[in-house]
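Read through the structure below, which is laid out as structure tokens, and then see the notes.
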Amino acid sequence: MSLIILSVETSCDETSAAVLVDGTIVKSNIISSQVDVHRKFGGVVPEVASRKHLELINHVIREALDEAGIDFDELDAVAVTYGPGLVGALLVGVAAAKAIAFGLDIPLIGVNHLEGHVSANFLVEPKPNFPVICLVVSGGHTDLVLISGFGQYDLLGATRDDAAGEAFDKVARVLGLGYPGGPLIDKLAASGDDTAIPLPRAYLAGDSLDFSFSGLKTAVINHLHRASQKGFHVNKANVAASFRRAAVDVLVDKTLLAARQHNTGTIMLAGGVAANQLLREEMTRRAHQEARRLIYPPPVLCTDNAAMIGCAAYYKYLRGDFAPLTLNAVPNLPLGQDRY
Ligand code: KG4
Ligand code: ZN
């Protein structure tokens, strides 16, 4: 008999619901992006995001069920992201999932958003062999995680300041490219010279697996200030390409260092920045050189979506790891440490 899970994701600015069968067959994955609403503010406005989630949540869930051809009474469990993320945004998904779990008397599964990102890799072939080093790169996180099995995470390194995605978004803003910046920089960089502007790469002391992107971001801002003071023309494509190259160099070097330190044959990428073209290419090239396997999800499963939450929930279901109906949003929830 198959296991049908409805999953809900509202941690930031995408309202999403998905239906998964047996944790791997994605019957539907509806993603309603609020990007157009937040674009005029140059970033996500938390209060606006919560209100938008409220407007959309029931429609998105209905659409996910309809597209999957599944009725409420066929669901075996309902899963929801309960952190980390924006508290008001998370609460909308958590309240909806709790109501469904209570109304249908089915298990509620609370999922960590980062565990969701990691789990997007289990939706693609080939399936990873543990242990795995996973680089989790999103708008809020830049983490290197050693994964020894489903639900077994060791945080090896994290950013000490800006997350990688945050740096992409900020650099895009100073270049006047718009929001969200990551995909726009990625596209523009393709036509630029990535050696045009020397930019710093923060490797930090010793064999540290931590990251720092604020120096790189500041160097780009200083370059643009100097150019405008001296009246020089700025080639935006060259700036985008040089920045992207500097960020990717560090991400790739440290991920491979972690794989060598922990003797892992498989590397995974997760999170919105894992959609970056150069990161995917460079990681592929370098992993191949070192005879390590590389797995990454298709771009639509890298950025926020509910299918990844449903996949993570499936493995929690198999472990009997259910949340009580008192489940609350936990905005700073760490990976691997459930709070319910
Ligand atoms: O995982 P995600 O959708 O949301 C969070 O959990 O934060 O990641 C969003 C981040 C944003 O900072 C966005 O600019 C970045 O991922 N991003 C990219 C690309 N696509 C999305 N960054 C670089 N290159 C991309 N192609
Ligand atoms: Zn995310």
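Residue names in the structure tokens use chain letters A, B, ... in the order shown, residue numbers from 1 in each chain, and ligand numbers from 1 in the order shown.
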
ask   = Hey, which residues come within 8 Å of ligand 1 if we count only C-alpha atoms and all ligand atoms? Could you give them as a PyMOL selection string?
value = chain A and resi 11-12+85+113-114+117+137-141+164-169+179-187+270-277+299+302-305

Generate a file of the selected residues that holds N, CA and C atoms, formatted as a CSV table (one decimal), in the first residue's frame.
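The file below, again-v9.csv, is the result:
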chain,number,residue,atom,x,y,z
A,11,SER,N,7.8,29.2,4.5
A,11,SER,CA,8.8,29.9,5.4
A,11,SER,C,9.2,31.2,4.9
A,12,CYS,N,9.1,31.5,3.7
A,12,CYS,CA,9.6,32.9,3.2
A,12,CYS,C,8.6,33.5,2.2
A,85,GLY,N,12.8,30.3,9.4
A,85,GLY,CA,12.1,31.2,8.5
A,85,GLY,C,11.5,32.3,9.2
A,113,HIS,N,13.1,23.4,7.5
A,113,HIS,CA,13.2,23.8,6.1
A,113,HIS,C,14.5,23.4,5.4
A,114,LEU,N,15.6,23.4,6.2
A,114,LEU,CA,16.9,23.0,5.7
A,114,LEU,C,17.0,21.5,5.4
A,117,HIS,N,15.5,21.2,2.1
A,117,HIS,CA,16.4,21.5,1.0
A,117,HIS,C,17.3,20.3,0.7
A,137,VAL,N,23.1,26.0,0.5
A,137,VAL,CA,23.4,27.4,0.2
A,137,VAL,C,22.0,28.1,-0.2
A,138,SER,N,21.5,29.0,0.7
A,138,SER,CA,20.3,29.6,0.4
A,138,SER,C,20.4,31.1,0.7
A,139,GLY,N,19.2,31.7,0.8
A,139,GLY,CA,19.2,33.2,1.1
A,139,GLY,C,19.5,33.4,2.6
A,140,GLY,N,19.3,32.4,3.4
A,140,GLY,CA,19.6,32.6,4.9
A,140,GLY,C,20.7,31.7,5.4
A,141,HIS,N,21.2,30.8,4.7
A,141,HIS,CA,22.2,29.8,5.2
A,141,HIS,C,23.3,29.5,4.2
A,164,ALA,N,25.4,33.1,1.4
A,164,ALA,CA,25.8,33.2,0.0
A,164,ALA,C,24.7,33.9,-0.8
A,165,GLY,N,23.5,33.4,-0.7
A,165,GLY,CA,22.3,34.0,-1.4
A,165,GLY,C,22.1,35.4,-1.1
A,166,GLU,N,22.3,35.8,0.2
A,166,GLU,CA,22.2,37.2,0.6
A,166,GLU,C,23.2,38.0,-0.1
A,167,ALA,N,24.4,37.5,-0.2
A,167,ALA,CA,25.5,38.3,-0.9
A,167,ALA,C,25.1,38.5,-2.4
A,168,PHE,N,24.6,37.4,-3.0
A,168,PHE,CA,24.1,37.6,-4.4
A,168,PHE,C,23.0,38.6,-4.5
A,169,ASP,N,22.1,38.6,-3.6
A,169,ASP,CA,21.0,39.5,-3.6
A,169,ASP,C,21.4,41.0,-3.4
A,179,TYR,N,15.4,42.2,-8.0
A,179,TYR,CA,15.2,41.2,-7.0
A,179,TYR,C,14.4,40.0,-7.5
A,180,PRO,N,14.6,38.8,-7.2
A,180,PRO,CA,15.8,38.3,-6.4
A,180,PRO,C,17.0,38.3,-7.3
A,181,GLY,N,18.1,38.6,-6.6
A,181,GLY,CA,19.4,38.9,-7.4
A,181,GLY,C,20.1,37.7,-7.9
A,182,GLY,N,20.1,36.6,-7.2
A,182,GLY,CA,20.9,35.4,-7.6
A,182,GLY,C,20.7,35.0,-9.0
A,183,PRO,N,19.5,34.7,-9.5
A,183,PRO,CA,19.3,34.3,-10.9
A,183,PRO,C,19.8,35.4,-11.9
A,184,LEU,N,19.6,36.7,-11.5
A,184,LEU,CA,19.9,37.8,-12.4
A,184,LEU,C,21.4,37.9,-12.6
A,185,ILE,N,22.2,37.8,-11.4
A,185,ILE,CA,23.6,37.8,-11.5
A,185,ILE,C,24.1,36.7,-12.3
A,186,ASP,N,23.5,35.5,-12.1
A,186,ASP,CA,23.9,34.3,-12.8
A,186,ASP,C,23.8,34.5,-14.3
A,187,LYS,N,22.7,35.1,-14.7
A,187,LYS,CA,22.5,35.3,-16.1
A,187,LYS,C,23.4,36.3,-16.7
A,270,ALA,N,22.4,21.8,-2.1
A,270,ALA,CA,21.0,22.1,-1.7
A,270,ALA,C,20.8,23.6,-1.5
A,271,GLY,N,19.5,24.0,-1.7
A,271,GLY,CA,19.2,25.5,-1.5
A,271,GLY,C,19.2,26.3,-2.8
A,272,GLY,N,18.6,27.4,-2.7
A,272,GLY,CA,18.4,28.3,-3.9
A,272,GLY,C,19.7,28.5,-4.7
A,273,VAL,N,20.8,28.8,-4.0
A,273,VAL,CA,22.1,29.1,-4.7
A,273,VAL,C,22.6,27.8,-5.4
A,274,ALA,N,22.1,26.7,-5.0
A,274,ALA,CA,22.5,25.4,-5.8
A,274,ALA,C,22.0,25.4,-7.2
A,275,ALA,N,21.1,26.4,-7.5
A,275,ALA,CA,20.6,26.5,-8.9
A,275,ALA,C,21.7,27.2,-9.8
A,276,ASN,N,22.7,27.8,-9.1
A,276,ASN,CA,23.7,28.6,-9.8
A,276,ASN,C,24.5,27.8,-10.8
A,277,GLN,N,24.5,28.3,-12.1
A,277,GLN,CA,25.1,27.6,-13.2
A,277,GLN,C,26.6,27.3,-13.0
A,299,PRO,N,16.8,22.8,-10.9
A,299,PRO,CA,16.7,24.2,-10.3
A,299,PRO,C,15.3,24.3,-9.5
A,302,CYS,N,15.6,23.2,-6.1
A,302,CYS,CA,16.7,23.9,-5.3
A,302,CYS,C,16.0,25.0,-4.5
A,303,THR,N,15.2,25.9,-5.2
A,303,THR,CA,14.6,27.0,-4.6
A,303,THR,C,13.4,26.4,-3.8
A,304,ASP,N,12.8,27.3,-2.9
A,304,ASP,CA,11.8,26.8,-2.0
A,304,ASP,C,10.6,26.2,-2.7
A,305,ASN,N,10.2,25.0,-2.2
A,305,ASN,CA,9.1,24.2,-2.7
A,305,ASN,C,8.6,23.2,-1.7

Per-residue nearest contacts of range 245-330 of chain A to range 197-210 of chain A (12 Å; only C-alpha atoms) as a Markdown table:
| residue | atom | partner | partner_atom | distance |
| --- | --- | --- | --- | --- |
| A:Arg245 | CA | A:Leu199 | CA | 9.2 |
| A:Ala246 | CA | A:Arg201 | CA | 5.9 |
| A:Ala247 | CA | A:Arg201 | CA | 7.3 |
| A:Val248 | CA | A:Arg201 | CA | 9.6 |
| A:Asp249 | CA | A:Arg201 | CA | 7.8 |
| A:Val250 | CA | A:Arg201 | CA | 6.5 |
| A:Leu251 | CA | A:Leu209 | CA | 9.7 |
| A:Val252 | CA | A:Leu209 | CA | 11.2 |
| A:Asp253 | CA | A:Tyr203 | CA | 8.9 |
| A:Lys254 | CA | A:Leu209 | CA | 6.0 |
| A:Thr255 | CA | A:Leu209 | CA | 8.0 |
| A:Leu256 | CA | A:Leu209 | CA | 10.1 |
| A:Leu257 | CA | A:Leu209 | CA | 7.9 |
| A:Ala258 | CA | A:Leu209 | CA | 7.0 |
| A:Ala259 | CA | A:Leu209 | CA | 10.8 |
| A:Arg260 | CA | A:Asp207 | CA | 11.2 |
| A:Gln261 | CA | A:Asp207 | CA | 9.3 |
| A:His262 | CA | A:Leu209 | CA | 11.8 |

- range 3-163 of chain A: residues DSSP assigns to alpha helix (DSSP H), reported as a ChimeraX atom specification: /A:35-39,46-68,87-104,113-119

Computed interatomic separation between CA of Arg285 in chain A and CA of Ser212 in chain A (Å):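 Computed distance, CA of Arg285 in chain A to CA of Ser212 in chain A, equals 23.6 Å.
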
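Closest approach to Val78 in chain A among A:Leu108, A:Ala163, A:Leu54, A:Ala172 is made by A:Leu108 (distances from only C-alpha atoms).
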
Residues of range 92-154 of chain A classed as strand (DSSP E) by DSSP on the backbone are to be reported as a list in words.
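Selecting the strand (DSSP E) positions of range 92-154 of chain A gives Leu108, Ile109, Gly110, Val111, Asn112, Val132, Ile133, Cys134, Leu135, Val136, Val137, Thr142, Asp143, Leu144, Val145, Leu146, Ile147, Ser148, Gly149, Gln152, Tyr153 and Asp154 of chain A.
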
Limited to N, CA and C atoms, could you put the picked residues into a file as a PDB file, in the first residue's frame?
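Result saved to out-v6.pdb:
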ATOM      1  N   LEU A 108       0.641  14.571  12.020  1.00  0.00           N
ATOM      2  CA  LEU A 108       1.236  15.840  11.613  1.00  0.00           C
ATOM      3  C   LEU A 108       2.752  15.662  11.664  1.00  0.00           C
ATOM      4  N   ILE A 109       3.438  16.089  10.614  1.00  0.00           N
ATOM      5  CA  ILE A 109       4.905  15.953  10.584  1.00  0.00           C
ATOM      6  C   ILE A 109       5.509  17.343  10.449  1.00  0.00           C
ATOM      7  N   GLY A 110       6.322  17.731  11.434  1.00  0.00           N
ATOM      8  CA  GLY A 110       6.989  19.038  11.400  1.00  0.00           C
ATOM      9  C   GLY A 110       8.343  18.868  10.738  1.00  0.00           C
ATOM     10  N   VAL A 111       8.622  19.687   9.724  1.00  0.00           N
ATOM     11  CA  VAL A 111       9.878  19.532   8.965  1.00  0.00           C
ATOM     12  C   VAL A 111      10.725  20.799   9.068  1.00  0.00           C
ATOM     13  N   ASN A 112      12.021  20.587   9.278  1.00  0.00           N
ATOM     14  CA  ASN A 112      12.980  21.680   9.234  1.00  0.00           C
ATOM     15  C   ASN A 112      13.190  22.067   7.761  1.00  0.00           C
ATOM     16  N   VAL A 132      27.560  11.542   3.338  1.00  0.00           N
ATOM     17  CA  VAL A 132      27.539  12.529   2.262  1.00  0.00           C
ATOM     18  C   VAL A 132      27.943  13.886   2.853  1.00  0.00           C
ATOM     19  N   ILE A 133      28.645  14.679   2.065  1.00  0.00           N
ATOM     20  CA  ILE A 133      28.842  16.087   2.445  1.00  0.00           C
ATOM     21  C   ILE A 133      27.835  16.899   1.646  1.00  0.00           C
ATOM     22  N   CYS A 134      27.030  17.692   2.350  1.00  0.00           N
ATOM     23  CA  CYS A 134      26.045  18.521   1.645  1.00  0.00           C
ATOM     24  C   CYS A 134      26.346  19.996   1.869  1.00  0.00           C
ATOM     25  N   LEU A 135      26.429  20.734   0.774  1.00  0.00           N
ATOM     26  CA  LEU A 135      26.562  22.196   0.848  1.00  0.00           C
ATOM     27  C   LEU A 135      25.157  22.779   0.755  1.00  0.00           C
ATOM     28  N   VAL A 136      24.705  23.398   1.847  1.00  0.00           N
ATOM     29  CA  VAL A 136      23.371  24.004   1.866  1.00  0.00           C
ATOM     30  C   VAL A 136      23.548  25.507   1.679  1.00  0.00           C
ATOM     31  N   VAL A 137      23.145  26.009   0.524  1.00  0.00           N
ATOM     32  CA  VAL A 137      23.360  27.427   0.197  1.00  0.00           C
ATOM     33  C   VAL A 137      22.046  28.087  -0.198  1.00  0.00           C
ATOM     34  N   THR A 142      24.465  29.270   4.739  1.00  0.00           N
ATOM     35  CA  THR A 142      25.565  28.681   3.966  1.00  0.00           C
ATOM     36  C   THR A 142      26.219  27.698   4.924  1.00  0.00           C
ATOM     37  N   ASP A 143      25.838  26.442   4.822  1.00  0.00           N
ATOM     38  CA  ASP A 143      26.267  25.421   5.786  1.00  0.00           C
ATOM     39  C   ASP A 143      26.931  24.264   5.063  1.00  0.00           C
ATOM     40  N   LEU A 144      27.950  23.690   5.706  1.00  0.00           N
ATOM     41  CA  LEU A 144      28.496  22.412   5.251  1.00  0.00           C
ATOM     42  C   LEU A 144      28.073  21.369   6.269  1.00  0.00           C
ATOM     43  N   VAL A 145      27.378  20.346   5.793  1.00  0.00           N
ATOM     44  CA  VAL A 145      26.776  19.372   6.696  1.00  0.00           C
ATOM     45  C   VAL A 145      27.259  17.973   6.326  1.00  0.00           C
ATOM     46  N   LEU A 146      27.675  17.219   7.351  1.00  0.00           N
ATOM     47  CA  LEU A 146      28.006  15.806   7.151  1.00  0.00           C
ATOM     48  C   LEU A 146      26.739  15.007   7.461  1.00  0.00           C
ATOM     49  N   ILE A 147      26.255  14.241   6.490  1.00  0.00           N
ATOM     50  CA  ILE A 147      25.019  13.473   6.677  1.00  0.00           C
ATOM     51  C   ILE A 147      25.392  11.988   6.718  1.00  0.00           C
ATOM     52  N   SER A 148      25.166  11.350   7.858  1.00  0.00           N
ATOM     53  CA  SER A 148      25.550   9.934   7.985  1.00  0.00           C
ATOM     54  C   SER A 148      24.388   8.992   7.732  1.00  0.00           C
ATOM     55  N   GLY A 149      23.179   9.503   7.678  1.00  0.00           N
ATOM     56  CA  GLY A 149      21.990   8.692   7.405  1.00  0.00           C
ATOM     57  C   GLY A 149      20.796   9.631   7.407  1.00  0.00           C
ATOM     58  N   GLN A 152      20.385  12.276  10.190  1.00  0.00           N
ATOM     59  CA  GLN A 152      21.611  12.350  11.019  1.00  0.00           C
ATOM     60  C   GLN A 152      22.565  13.398  10.446  1.00  0.00           C
ATOM     61  N   TYR A 153      22.589  14.536  11.109  1.00  0.00           N
ATOM     62  CA  TYR A 153      23.335  15.679  10.574  1.00  0.00           C
ATOM     63  C   TYR A 153      24.394  16.178  11.552  1.00  0.00           C
ATOM     64  N   ASP A 154      25.578  16.520  11.012  1.00  0.00           N
ATOM     65  CA  ASP A 154      26.615  17.195  11.793  1.00  0.00           C
ATOM     66  C   ASP A 154      26.983  18.459  11.057  1.00  0.00           C
TER      67      ASP A 154
END

**Prompt:** Between A:Ala287, A:Ile100, A:Val124, A:Ala17, which has the minimum distance to Ile31 in chain A (counting only C-alpha atoms)?
**Reply:**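 Closest residue, counting only C-alpha atoms: A:Ala17.
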
| field | Residue neighbourhood Leu90 in chain A, 8 Å, only C-alpha atoms, exclusion window fewer than 4 positions, as a count of residues only | value | 12

Judged by only C-alpha atoms and all ligand atoms, the minimum distance to ligand 2 among A:Ala64, A:Val300, A:Val234, A:Ser2 is found for A:Val300

Fewer than 3 positions away in the same chain doesn't count, so skip those; otherwise give me all residues within 7 Å of Ala196 in chain A, counting only C-alpha atoms, as a compact mmCIF listing (two decimals) with N, CA and C atoms, in the first residue's frame.
# COMPACT_ATOMS: atom_id res chain seq x y z
N ASP A 193 33.53 38.93 -18.09
CA ASP A 193 34.88 38.36 -17.90
C ASP A 193 35.10 38.21 -16.39
N ASN A 238 30.95 42.26 -16.20
CA ASN A 238 32.25 41.88 -15.63
C ASN A 238 32.20 41.83 -14.10
N SER A 242 32.89 38.45 -12.06
CA SER A 242 34.00 38.39 -11.09
C SER A 242 33.47 38.03 -9.71

(message) I'd like the contact shell of Tyr317 in chain A - 10 Å cut-off, only C-alpha atoms, skipping same-chain residues fewer than 3 positions apart - returned as a count of residues only.
(response) 16

- Message: Considering only C-alpha atoms, can you say which of A:Asp161, A:Asp22, A:Glu115, A:Asp36 comes closest to Phe213 in chain A?
- Response: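 Of A:Asp161, A:Asp22, A:Glu115, A:Asp36, the one nearest Phe213 in chain A, counting only C-alpha atoms, is A:Asp161.
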
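By only C-alpha atoms, and with residues fewer than 3 positions from Val26 in chain A along its chain excluded, the set lying at most 9 Å from it is Ala18, Val19, Leu20, Val21, Gly23, Asn29, Ala68, Leu123, Ala307, Gly310 and Cys311 of chain A.
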
Between CA of Ser228 in chain A and CA of Ala240 in chain A lies a distance of 16.7 Å

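Atom pair CA of His288 in chain A / CA of Pro126 in chain A has a distance of 15.5 Å (rounded to one decimal).
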
Margin query: With distances taken over only C-alpha atoms, which residue among A:Ala306, A:Val44, A:Leu75, A:Leu156 lies nearest Ser28 in chain A?
Written below: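 For Ser28 in chain A, the nearest of the candidates is A:Ala306.
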
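Shortest atom-to-atom contact with ligand 2 among A:Ala237, A:Ala120, A:Val330, A:Leu155: A:Ala120, counting only C-alpha atoms and all ligand atoms.
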